[in-house]
Structures are given as structure tokens and as C-alpha cells.
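File shown: input-v2.cif. Contents: mmCIF, C-alpha atoms.
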data_model
#
loop_
_atom_site.label_atom_id
_atom_site.label_comp_id
_atom_site.auth_asym_id
_atom_site.auth_seq_id
_atom_site.Cartn_x
_atom_site.Cartn_y
_atom_site.Cartn_z
CA MET A 1 0.00 0.00 0.00
CA LYS A 2 1.03 3.63 -0.46
CA PHE A 3 0.99 5.97 2.51
CA TYR A 4 0.64 9.73 2.42
CA THR A 5 0.55 12.46 5.04
CA THR A 6 -1.16 15.82 5.19
CA SER A 7 0.33 18.96 6.70
CA THR A 8 -1.83 18.64 9.83
CA PHE A 9 -0.57 15.12 10.39
CA ARG A 10 3.04 16.27 10.03
CA GLN A 11 2.46 19.23 12.36
CA THR A 12 0.84 17.10 15.05
CA LEU A 13 3.59 14.51 14.73
CA THR A 14 6.29 17.16 15.12
CA SER A 15 4.53 18.61 18.12
CA LEU A 16 4.52 15.19 19.81
CA THR A 17 8.18 14.47 19.23
CA LYS A 18 9.82 17.81 19.89
CA LYS A 19 9.68 17.53 23.72
CA PRO A 20 10.97 14.09 24.74
CA LYS A 21 10.06 14.64 28.38
CA GLU A 22 6.37 14.66 27.47
CA GLY A 23 6.55 10.94 26.82
CA TYR A 24 5.48 10.69 23.17
CA ASN A 25 8.82 9.86 21.58
CA SER A 26 7.80 6.37 20.49
CA VAL A 27 4.92 7.68 18.34
CA VAL A 28 6.59 7.14 14.93
CA LYS A 29 7.70 3.65 15.90
CA ASP A 30 4.23 2.84 17.25
CA ILE A 31 2.51 4.08 14.08
CA CYS A 32 4.82 2.14 11.76
CA LYS A 33 4.70 -1.02 13.85
CA ALA A 34 0.90 -0.99 13.89
CA LEU A 35 0.55 -0.38 10.14
CA LEU A 36 3.22 -2.93 9.24
CA SER A 37 1.49 -5.56 11.38
CA MET A 38 -1.78 -5.11 9.44
CA GLU A 39 -2.44 -6.80 6.11
CA PRO A 40 -3.97 -4.40 3.53
CA ASN A 41 -7.44 -5.89 4.03
CA ILE A 42 -7.15 -5.28 7.78
CA ILE A 43 -6.04 -1.67 7.19
CA ARG A 44 -9.37 -1.32 5.32
CA GLU A 45 -11.56 -3.58 7.49
CA THR A 46 -10.27 -2.82 10.98
CA ASN A 47 -12.84 -2.59 13.77
CA ASP A 48 -11.57 0.91 14.44
CA ARG A 49 -13.33 2.20 11.31
CA ILE A 50 -15.67 5.05 12.10
CA LYS A 51 -17.08 6.11 8.75
CA GLN A 52 -17.76 4.43 5.44
CA PHE A 53 -18.84 6.42 2.42
CA GLU A 54 -19.03 4.94 -1.09
CA ASP A 55 -15.45 3.85 -1.91
CA PHE A 56 -13.54 4.89 1.17
CA ARG A 57 -13.40 4.64 4.94
CA ILE A 58 -12.19 6.80 7.77
CA VAL A 59 -10.44 4.93 10.57
CA LYS A 60 -9.55 6.00 14.10
CA LEU A 61 -6.86 3.46 14.92
CA ARG A 62 -6.03 2.93 18.58
CA LEU A 63 -2.30 2.53 19.15
CA PRO A 64 -0.26 1.81 22.25
CA ASN A 65 2.32 4.28 23.51
CA SER A 66 5.20 1.85 23.88
CA GLY A 67 7.55 4.50 25.25
CA GLN A 68 5.31 4.98 28.27
CA HIS A 69 4.11 1.34 28.41
CA LEU A 70 0.56 2.45 27.77
CA SER A 71 -1.80 0.02 26.08
CA ARG A 72 -4.11 0.89 23.22
CA PRO A 73 -6.90 2.46 25.28
CA ASP A 74 -4.42 4.93 26.83
CA GLY A 75 -2.04 5.38 23.88
CA PHE A 76 -2.46 7.27 20.62
CA ARG A 77 -5.23 7.73 18.09
CA LEU A 78 -4.31 7.70 14.41
CA ILE A 79 -6.99 9.08 12.08
CA TYR A 80 -6.54 7.88 8.51
CA TYR A 81 -8.38 7.71 5.19
CA VAL A 82 -8.23 4.45 3.25
CA SER A 83 -9.47 3.86 -0.26
CA LEU A 84 -11.46 0.70 -0.99
CA ILE A 85 -10.61 0.83 -4.71
CA SER A 86 -6.88 1.56 -4.63
CA ASP A 87 -3.88 1.05 -2.39
CA ASP A 88 -3.88 4.56 -0.94
CA VAL A 89 -3.88 5.48 2.73
CA THR A 90 -3.59 9.06 3.95
CA LEU A 91 -2.64 9.76 7.54
CA LEU A 92 -4.73 12.73 8.67
CA ARG A 93 -4.04 13.29 12.37
CA ILE A 94 -2.28 11.73 15.35
CA TYR A 95 -3.00 12.57 18.99
CA PRO A 96 -2.38 11.08 22.41
CA LYS A 97 -5.12 10.18 24.89
CA ARG A 98 -3.05 11.04 27.94
CA GLY A 99 -0.31 13.36 29.11
CA PRO A 100 0.33 17.07 28.49
CA GLN A 101 -0.98 16.95 24.92
CA GLY A 102 -3.72 14.45 25.69
CA ILE A 103 -7.07 14.93 23.97
CA VAL A 104 -10.25 13.17 25.03
CA ASP A 105 -11.81 13.34 21.55
CA LEU A 106 -11.71 15.56 18.47
CA VAL A 107 -14.61 17.95 17.88
CA ASP A 108 -16.96 17.20 15.00
CA GLU A 109 -15.70 20.07 12.84
CA GLU A 110 -12.14 18.78 12.99
CA TYR A 111 -13.04 15.66 11.00
CA ASP A 112 -14.58 17.86 8.31
CA ARG A 113 -11.49 20.05 8.22
CA LEU A 114 -9.10 17.10 8.03
CA LEU A 115 -10.90 15.60 5.04
CA LEU A 116 -11.12 18.92 3.20
CA GLU A 117 -7.42 19.47 3.80
CA MET A 118 -6.67 16.07 2.31
CA VAL A 119 -8.74 16.86 -0.80
CA THR A 120 -7.05 20.26 -1.23
CA GLU A 121 -3.53 18.92 -0.76
CA ASN A 122 -4.20 15.99 -3.05
CA ASN A 123 -5.48 18.30 -5.79
CA ASN A 124 -2.49 20.65 -5.26
CA LYS A 125 -0.04 17.74 -5.21
CA THR A 126 1.24 18.71 -1.77
CA LEU A 127 0.63 15.45 0.04
CA HIS A 128 3.86 13.76 1.16
CA GLN A 129 4.30 10.11 0.35
CA VAL A 130 6.04 8.30 3.23
CA ASP A 131 7.71 4.98 3.91
CA ILE A 132 6.31 3.08 6.88
CA ASN A 133 9.23 0.64 6.58
CA ASN A 134 11.58 3.50 7.30
CA SER A 135 10.04 5.52 10.16
CA LEU A 136 7.80 7.57 7.85
CA ALA A 137 10.77 8.85 5.83
CA GLU A 138 9.54 11.03 2.99
CA LEU A 139 9.61 9.49 -0.48
CA ASP A 140 7.96 12.37 -2.31
CA THR A 141 6.93 15.79 -1.03
CA GLN A 142 4.84 16.69 -4.08
CA ALA A 143 2.56 13.74 -4.24
CA ASN A 144 -1.05 12.99 -4.90
CA MET A 145 -3.10 9.82 -4.84
CA PHE A 146 -4.68 8.20 -7.91
CA MET B 1 -29.76 -0.70 9.41
CA CYS B 2 -27.53 -2.66 11.78
CA THR B 3 -28.30 -6.37 11.51
CA CYS B 4 -26.94 -7.05 14.97
CA ILE B 5 -28.95 -4.44 16.81
CA ALA B 6 -30.87 -7.00 18.92
CA GLU B 7 -27.63 -8.68 19.98
CA ILE B 8 -26.08 -5.29 20.79
CA LYS B 9 -29.06 -4.32 22.95
CA THR B 10 -28.89 -7.64 24.83
CA SER B 11 -25.22 -6.97 25.49
CA TYR B 12 -26.02 -3.47 26.77
CA THR B 13 -28.55 -4.94 29.25
CA LYS B 14 -25.99 -7.47 30.45
CA VAL B 15 -23.34 -4.80 31.08
CA ARG B 16 -25.83 -2.52 32.85
CA LYS B 17 -26.94 -5.31 35.20
CA GLN B 18 -23.37 -6.31 36.01
CA ALA B 19 -22.34 -2.71 36.64
CA GLU B 20 -25.34 -2.34 38.97
CA GLU B 21 -24.34 -5.52 40.83
CA VAL B 22 -20.78 -4.32 41.37
CA ALA B 23 -21.99 -0.85 42.36
CA SER B 24 -24.27 -2.36 44.99
CA GLN B 25 -21.42 -4.37 46.57
CA SER B 26 -20.49 -3.36 50.04
CA PHE B 27 -16.80 -2.72 50.00
CA ASP B 28 -16.59 -3.01 53.79
CA MET B 29 -16.29 -6.78 54.37
CA ASP B 30 -14.35 -8.05 57.35
CA ASP B 31 -12.25 -10.70 55.70
CA PHE B 32 -9.81 -8.67 53.62
CA LEU B 33 -8.54 -11.32 51.23
CA ASP B 34 -11.97 -12.84 50.62
CA ALA B 35 -13.35 -9.39 49.95
CA ILE B 36 -10.59 -8.59 47.47
CA ASN B 37 -11.18 -11.83 45.58
CA VAL B 38 -14.91 -11.25 45.38
CA VAL B 39 -14.51 -7.69 44.13
CA LYS B 40 -11.75 -8.72 41.72
CA LYS B 41 -13.97 -11.42 40.22
CA GLU B 42 -16.98 -9.09 39.88
CA LEU B 43 -14.81 -6.37 38.42
CA ALA B 44 -13.26 -8.74 35.89
CA ARG B 45 -16.73 -9.84 34.80
CA VAL B 46 -18.00 -6.34 34.14
CA THR B 47 -14.69 -5.37 32.50
CA ASP B 48 -14.81 -8.37 30.15
CA GLU B 49 -18.48 -7.82 29.31
CA THR B 50 -17.87 -4.13 28.62
CA ASN B 51 -14.90 -4.93 26.37
CA ALA B 52 -17.00 -7.51 24.52
CA LEU B 53 -19.81 -4.98 24.08
CA VAL B 54 -17.41 -2.36 22.73
CA GLU B 55 -15.96 -4.87 20.24
CA LEU B 56 -19.45 -5.96 19.14
CA VAL B 57 -20.58 -2.39 18.50
CA ARG B 58 -17.28 -1.48 16.77
CA ASP B 59 -17.73 -4.49 14.50
CA HIS B 60 -21.01 -3.04 13.22
CA PHE B 61 -20.27 0.63 13.84
CA THR B 62 -20.67 1.89 10.28
CA GLU B 63 -24.02 0.05 9.85
CA ILE B 64 -25.73 1.74 12.79
CA THR B 65 -28.39 4.23 11.69
CA VAL B 66 -29.19 7.59 13.31
CA ASP B 67 -32.24 6.20 15.12
CA GLU B 68 -30.40 3.08 16.29
CA ALA B 69 -27.53 5.23 17.56
CA LYS B 70 -29.93 7.41 19.54
CA GLU B 71 -31.48 4.33 21.07
CA LEU B 72 -28.09 2.87 21.99
CA LEU B 73 -26.91 6.14 23.49
CA ASP B 74 -30.03 6.20 25.68
CA LEU B 75 -29.08 2.71 26.85
CA SER B 76 -25.48 3.84 27.38
CA GLU B 77 -26.19 6.69 29.78
CA PRO B 78 -27.16 4.61 32.84
CA ILE B 79 -24.23 2.26 32.17
CA GLN B 80 -21.78 5.13 32.07
CA LYS B 81 -23.16 6.55 35.32
CA LYS B 82 -23.01 3.20 37.12
CA MET B 83 -19.50 2.55 35.88
CA GLN B 84 -18.39 5.91 37.19
CA VAL B 85 -19.96 5.13 40.59
CA VAL B 86 -18.09 1.83 40.71
CA TYR B 87 -14.82 3.49 39.76
CA LEU B 88 -15.13 6.18 42.43
CA LYS B 89 -15.99 3.54 45.04
CA LEU B 90 -12.92 1.56 44.03
CA LEU B 91 -10.65 4.57 44.36
CA ALA B 92 -12.06 5.38 47.80
CA SER B 93 -12.06 1.77 49.01
CA PRO B 94 -9.55 0.38 51.51
CA PHE B 95 -9.31 -2.64 49.15
CA ASN B 96 -7.86 -0.44 46.45
CA VAL B 97 -4.37 -1.56 47.44
CA GLY B 98 -5.00 -5.13 46.31
CA LEU B 99 -6.95 -4.17 43.22
CA GLU B 100 -4.73 -1.79 41.25
CA THR B 101 -4.44 -3.96 38.13
CA ALA B 102 -8.10 -4.94 38.11
CA THR B 103 -9.09 -1.31 38.68
CA ASP B 104 -6.87 -0.13 35.85
CA HIS B 105 -8.33 -2.68 33.42
CA TYR B 106 -11.79 -1.61 34.52
CA ARG B 107 -10.89 2.07 34.00
CA GLN B 108 -9.64 1.29 30.50
CA ALA B 109 -12.87 -0.56 29.69
CA MET B 110 -14.87 2.38 31.01
CA SER B 111 -12.78 4.80 28.95
CA ASP B 112 -13.20 2.67 25.81
CA PHE B 113 -16.94 2.61 26.35
CA ASP B 114 -17.06 6.39 26.83
CA GLU B 115 -15.03 6.85 23.65
CA LEU B 116 -17.36 4.53 21.76
CA CYS B 117 -20.37 6.57 22.90
CA HIS B 118 -18.68 9.79 21.83
CA ASP B 119 -17.79 8.35 18.41
CA MET B 120 -21.36 7.09 17.96
CA LYS B 121 -22.76 10.51 18.73
CA THR B 122 -20.25 12.20 16.42
CA PHE B 123 -20.42 9.89 13.40
CA ASN B 124 -23.75 8.11 13.59
CA ILE B 125 -25.82 11.10 14.71
CA ASP B 126 -24.22 14.56 14.46
CA LEU B 127 -22.11 14.25 11.30
CA ALA B 128 -24.64 11.90 9.69
CA GLN B 129 -27.11 14.82 9.80
CA ASN B 130 -24.57 17.54 8.99
CA ASP B 131 -25.03 18.74 5.39
CA HIS B 132 -21.58 20.33 5.22
CA PHE B 133 -19.90 17.10 6.25
CA GLN B 134 -21.97 15.11 3.75
CA GLN B 135 -20.78 17.53 1.05
CA THR B 136 -17.19 17.00 2.20
CA LEU B 137 -17.61 13.24 1.87
CA LYS B 138 -18.85 13.76 -1.69
CA LYS B 139 -15.79 15.89 -2.46
CA VAL B 140 -13.55 13.06 -1.25
CA SER B 141 -15.43 10.64 -3.46
CA GLU B 142 -15.11 13.00 -6.46
CA MET B 143 -11.38 13.31 -5.78
CA MET B 144 -11.09 9.53 -5.99
CA HIS B 145 -12.83 9.36 -9.36
CA ARG B 146 -11.18 12.30 -11.13
#
I need this file expressed as C-alpha cells, please.
Amino acid sequence: MKFYTTSTFRQTLTSLTKKPKEGYNSVVKDICKALLSMEPNIIRETNDRIKQFEDFRIVKLRLPNSGQHLSRPDGFRLIYYVSLISDDVTLLRIYPKRGPQGIVDLVDEEYDRLLLEMVTENNNKTLHQVDINNSLAELDTQANMF
Amino acid sequence: MCTCIAEIKTSYTKVRKQAEEVASQSFDMDDFLDAINVVKKELARVTDETNALVELVRDHFTEITVDEAKELLDLSEPIQKKMQVVYLKLLASPFNVGLETATDHYRQAMSDFDELCHDMKTFNIDLAQNDHFQQTLKKVSEMMHR
């Protein structure tokens, strides 16, 4: 499968990793480990899916925070879009459930904004394609899906 | 329409009854070890049932209609309240010392259930009836078929 990130995803990821003392340093490892452990059909069919519309799904994947030994309920939430007709996955947002940057849940409007951002950046070819086998290293910074 | 709605409602009733049973326990028994074992067993039961309920609903999450979601959220409210009562009693109990792991698992189950309820309200009720969000979903679909 091909993985892309939006600017909000990259910003929230940076914000989690820039202060090691906050306890979120394992986030990249935890994201990659989770996605690598899932077959493509599981990435699409996971029980963490929250919305299905025509040919795509939105997933709110629960991840552990291995750095703090927190299990999935207390770890991170990874919001991603997955196509049901191609091999594309776009990572939209990452946030922790606990700690200084902990969020209980996103507000409704945020989901709308994240999807619109993905559409805009896809159309402008400003999505970044990333490698989950290499800690989300960037393969292409002027990418779009399809 | 969710095909498993009857099964989900049965599961809700089970969890509510078990939460009520644990909430009605006196946490003041004389025999310390016996008391801890009893509470641990009851706690494990309600934790397991709650986790099973969450998994069952997640499995069918995207099938649940607006009306079904409203009905399930009505069923959820007394469960959430009872679970909170149990949790506060546990924290205040002298048996808390012997129950940290069981209490933590219970807290995680409670948190997962709360998150499920929030997601159901967001996706199956609020955003399902939000015209702007429906338009955004169409834009994503159009992006996929350009």
C-alpha cells in the first residue's frame, strides 16, 4: 500500500516528538509497527473504522504508547483515510489520549477540516508520500493519490 | 440498518446489570482477602463484558443508523453513570491496594466505552445529519474518481 501524510498530520507529529520529556517519543515507531502488522485488508476492514462512504473509509486506529508502556486504550489515536478501490492510505491526524498533549476526543468540525485538507492537498499535489518501513521517511513531497 | 442491533441491545442490558451488581457491593467486608477476591472477580466480569460490548458495536459501527444510535446512546447513559460510581468507590475503598491492576483494566474498559459513545454521537448522529460534512464526503469521493 502507499501511505501519504497531510500537513496537519506532520504538524501534530512534530509537536509530539519535539519535547521528549512529554513521553510521546515512540509515536513514529508505534505508528509504523501498527501499520506494518496489518495486512492491507485489515487496514481497510479494521474494527476501528468510524465512517464508510461509497469507496472509502475513515479509521480512528487505537495505538499503544510503547515509550510509556501504555496500552491501546491509553495510547495514541491515528486518524486515517483508506481507499477501498486503490492502495492509498492518507494519515490525517495523530493525537495522544493522555499526558500534556492528551485529547479526550476531536470535535466534529475537525473531521470535516481534516478531510477537506486532504482533498485540497491531493489536488495541489502537496501530500507527502512516506515509507512506513523506514520511520515515515519522505519518499515524495509533491505527491497525490490516484 | 444494523443487523446485529438486537444482539447489541442484549449486550447493553448485560453490562448494565453487572455494573449495577458491582456498584451495589459493600466494599466493607471483614475478611480482607476474601473481599478482594470477590470484588476482583466481579470487576473482571463487568470489564470483560464491557470490552465484549465495545468490540461488538465497533464491528457493526458503520451500519448503525441515526435512530439506532440514539437508542443505543439512551441505553449507554445509565451504564456510564453506574461505571463511574463503581470506579469512584474503588478509588475510595480500603481494598484499592490489592486491586490496582483490576481497577486499571476496569478504568480502560470504562474509557473505551465512553469513547465509543462519543464516536457514535459524532459519526452516527451529528455528522450523519450535517449537510456540510456530507458535502465534504462527496468531495472526497469526487477526488477519488477524477
Take CA of Ile36 in chain B and CA of Leu99 in chain B and report the distance between them in Å, one decimal.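 Rounded to one decimal, the two atoms are 7.1 Å apart.
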Could you write out as a VMD selection string the residues that the PyMOL selection byres ((chain B) within 10 of (chain A)) matches in the shown file? chain B and resid 55 to 63 105 107 to 112 114 to 116 118 to 124 126 to 128 130 132 to 146
Kindly give the distance, in Å, that separates CA of Met83 in chain B and CA of Pro64 in chain A, rounded to a single decimal.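 Calculated distance between CA of Met83 in chain B and CA of Pro64 in chain A is 23.6 Å.
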d(CA of Glu21 in chain B, CA of Ala6 in chain B) in Å: 22.9 Å
Could you pull the residues within 12 Å of Leu13 in chain A, counting only C-alpha atoms, minus those fewer than 2 positions along the same chain, as a JSON list (two decimals) with C-alpha atoms, in the frame of the given file?
[["chain", "number", "residue", "atom", "x", "y", "z"],
["A", 5, "THR", "CA", 0.55, 12.46, 5.04],
["A", 6, "THR", "CA", -1.16, 15.82, 5.19],
["A", 7, "SER", "CA", 0.33, 18.96, 6.70],
["A", 8, "THR", "CA", -1.83, 18.64, 9.83],
["A", 9, "PHE", "CA", -0.57, 15.12, 10.39],
["A", 10, "ARG", "CA", 3.04, 16.27, 10.03],
["A", 11, "GLN", "CA", 2.46, 19.23, 12.36],
["A", 15, "SER", "CA", 4.53, 18.61, 18.12],
["A", 16, "LEU", "CA", 4.52, 15.19, 19.81],
["A", 17, "THR", "CA", 8.18, 14.47, 19.23],
["A", 18, "LYS", "CA", 9.82, 17.81, 19.89],
["A", 19, "LYS", "CA", 9.68, 17.53, 23.72],
["A", 24, "TYR", "CA", 5.48, 10.69, 23.17],
["A", 25, "ASN", "CA", 8.82, 9.86, 21.58],
["A", 26, "SER", "CA", 7.80, 6.37, 20.49],
["A", 27, "VAL", "CA", 4.92, 7.68, 18.34],
["A", 28, "VAL", "CA", 6.59, 7.14, 14.93],
["A", 29, "LYS", "CA", 7.70, 3.65, 15.90],
["A", 30, "ASP", "CA", 4.23, 2.84, 17.25],
["A", 31, "ILE", "CA", 2.51, 4.08, 14.08],
["A", 76, "PHE", "CA", -2.46, 7.27, 20.62],
["A", 77, "ARG", "CA", -5.23, 7.73, 18.09],
["A", 78, "LEU", "CA", -4.31, 7.70, 14.41],
["A", 91, "LEU", "CA", -2.64, 9.76, 7.54],
["A", 92, "LEU", "CA", -4.73, 12.73, 8.67],
["A", 93, "ARG", "CA", -4.04, 13.29, 12.37],
["A", 94, "ILE", "CA", -2.28, 11.73, 15.35],
["A", 95, "TYR", "CA", -3.00, 12.57, 18.99],
["A", 96, "PRO", "CA", -2.38, 11.08, 22.41],
["A", 101, "GLN", "CA", -0.98, 16.95, 24.92],
["A", 135, "SER", "CA", 10.04, 5.52, 10.16],
["A", 136, "LEU", "CA", 7.80, 7.57, 7.85]]
Do you know which residues are at most 10 Å from Tyr87 in chain B counting all atoms listed in the file, after dropping those on the same chain fewer than 2 positions away, and could you put them as a compact mmCIF listing (two decimals) with C-alpha atoms, keeping the file's coordinate frame?
# COMPACT_ATOMS: atom_id res chain seq x y z
CA VAL B 22 -20.78 -4.32 41.37
CA ALA B 23 -21.99 -0.85 42.36
CA LEU B 43 -14.81 -6.37 38.42
CA LYS B 81 -23.16 6.55 35.32
CA LYS B 82 -23.01 3.20 37.12
CA MET B 83 -19.50 2.55 35.88
CA GLN B 84 -18.39 5.91 37.19
CA VAL B 85 -19.96 5.13 40.59
CA LYS B 89 -15.99 3.54 45.04
CA LEU B 90 -12.92 1.56 44.03
CA LEU B 91 -10.65 4.57 44.36
CA ALA B 92 -12.06 5.38 47.80
CA SER B 93 -12.06 1.77 49.01
CA THR B 103 -9.09 -1.31 38.68
CA ASP B 104 -6.87 -0.13 35.85
CA TYR B 106 -11.79 -1.61 34.52
CA ARG B 107 -10.89 2.07 34.00
CA MET B 110 -14.87 2.38 31.01
Tell me which residues the PyMOL selection byres ((chain A and resi 129) around 7) grabs here, as a VMD selection string. chain A and resid 3 to 5 127 to 128 130 138 to 141 143
For Lys40 in chain B, the closest of B:Ser76, B:Thr65, B:Asn96, B:Thr3 counting only C-alpha atoms is B:Asn96
Counting all atoms listed in the file, the option among B:Glu77, B:Asp48, B:Glu100, B:Glu68 closest to Ile125 in chain B: B:Glu68
Find the residue from A:Ile132, A:Val59, A:Met38, A:Ala137 that sits nearest to Val82 in chain A; use only C-alpha atoms when measuring.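 Among the listed residues, A:Val59 lies closest to Val82 in chain A.
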Using the chain letters and numbers from the file, which residues does the PyMOL selection byres ((chain B and resi 46) around 9) grab, as a PyMOL selection string? chain B and resi 14-16+18-19+22+41-45+47-51+106+109
Using all atoms listed in the file, which protein or nucleic acid residues come within 10 Å of Leu75 in chain B? Drop anything in the same chain fewer than 6 positions from it, and give the result as a PyMOL selection string. chain B and resi 9+12-13+16+69
Determine the nearest neighbour of Val97 in chain B from the options B:Leu33, B:Lys17, B:Asp67, B:Val54, counting only C-alpha atoms.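 Counting only C-alpha atoms, the residue closest to Val97 in chain B is B:Leu33.
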8 Å contact set for Met1 in chain A, all atoms listed in the file, chain neighbours under 4 positions out, as a compact mmCIF listing (two decimals) with C-alpha atoms, in the coordinates of the input:
# COMPACT_ATOMS: atom_id res chain seq x y z
CA PRO A 40 -3.97 -4.40 3.53
CA ASP A 87 -3.88 1.05 -2.39
CA ASP A 88 -3.88 4.56 -0.94
CA VAL A 89 -3.88 5.48 2.73
For each of B:Cys117, B:Leu53, B:Val38, B:Ile5, take the minimum atom-to-atom distance to Asp74 in chain B, counting only C-alpha atoms, then give the residue where this is smallest. B:Cys117
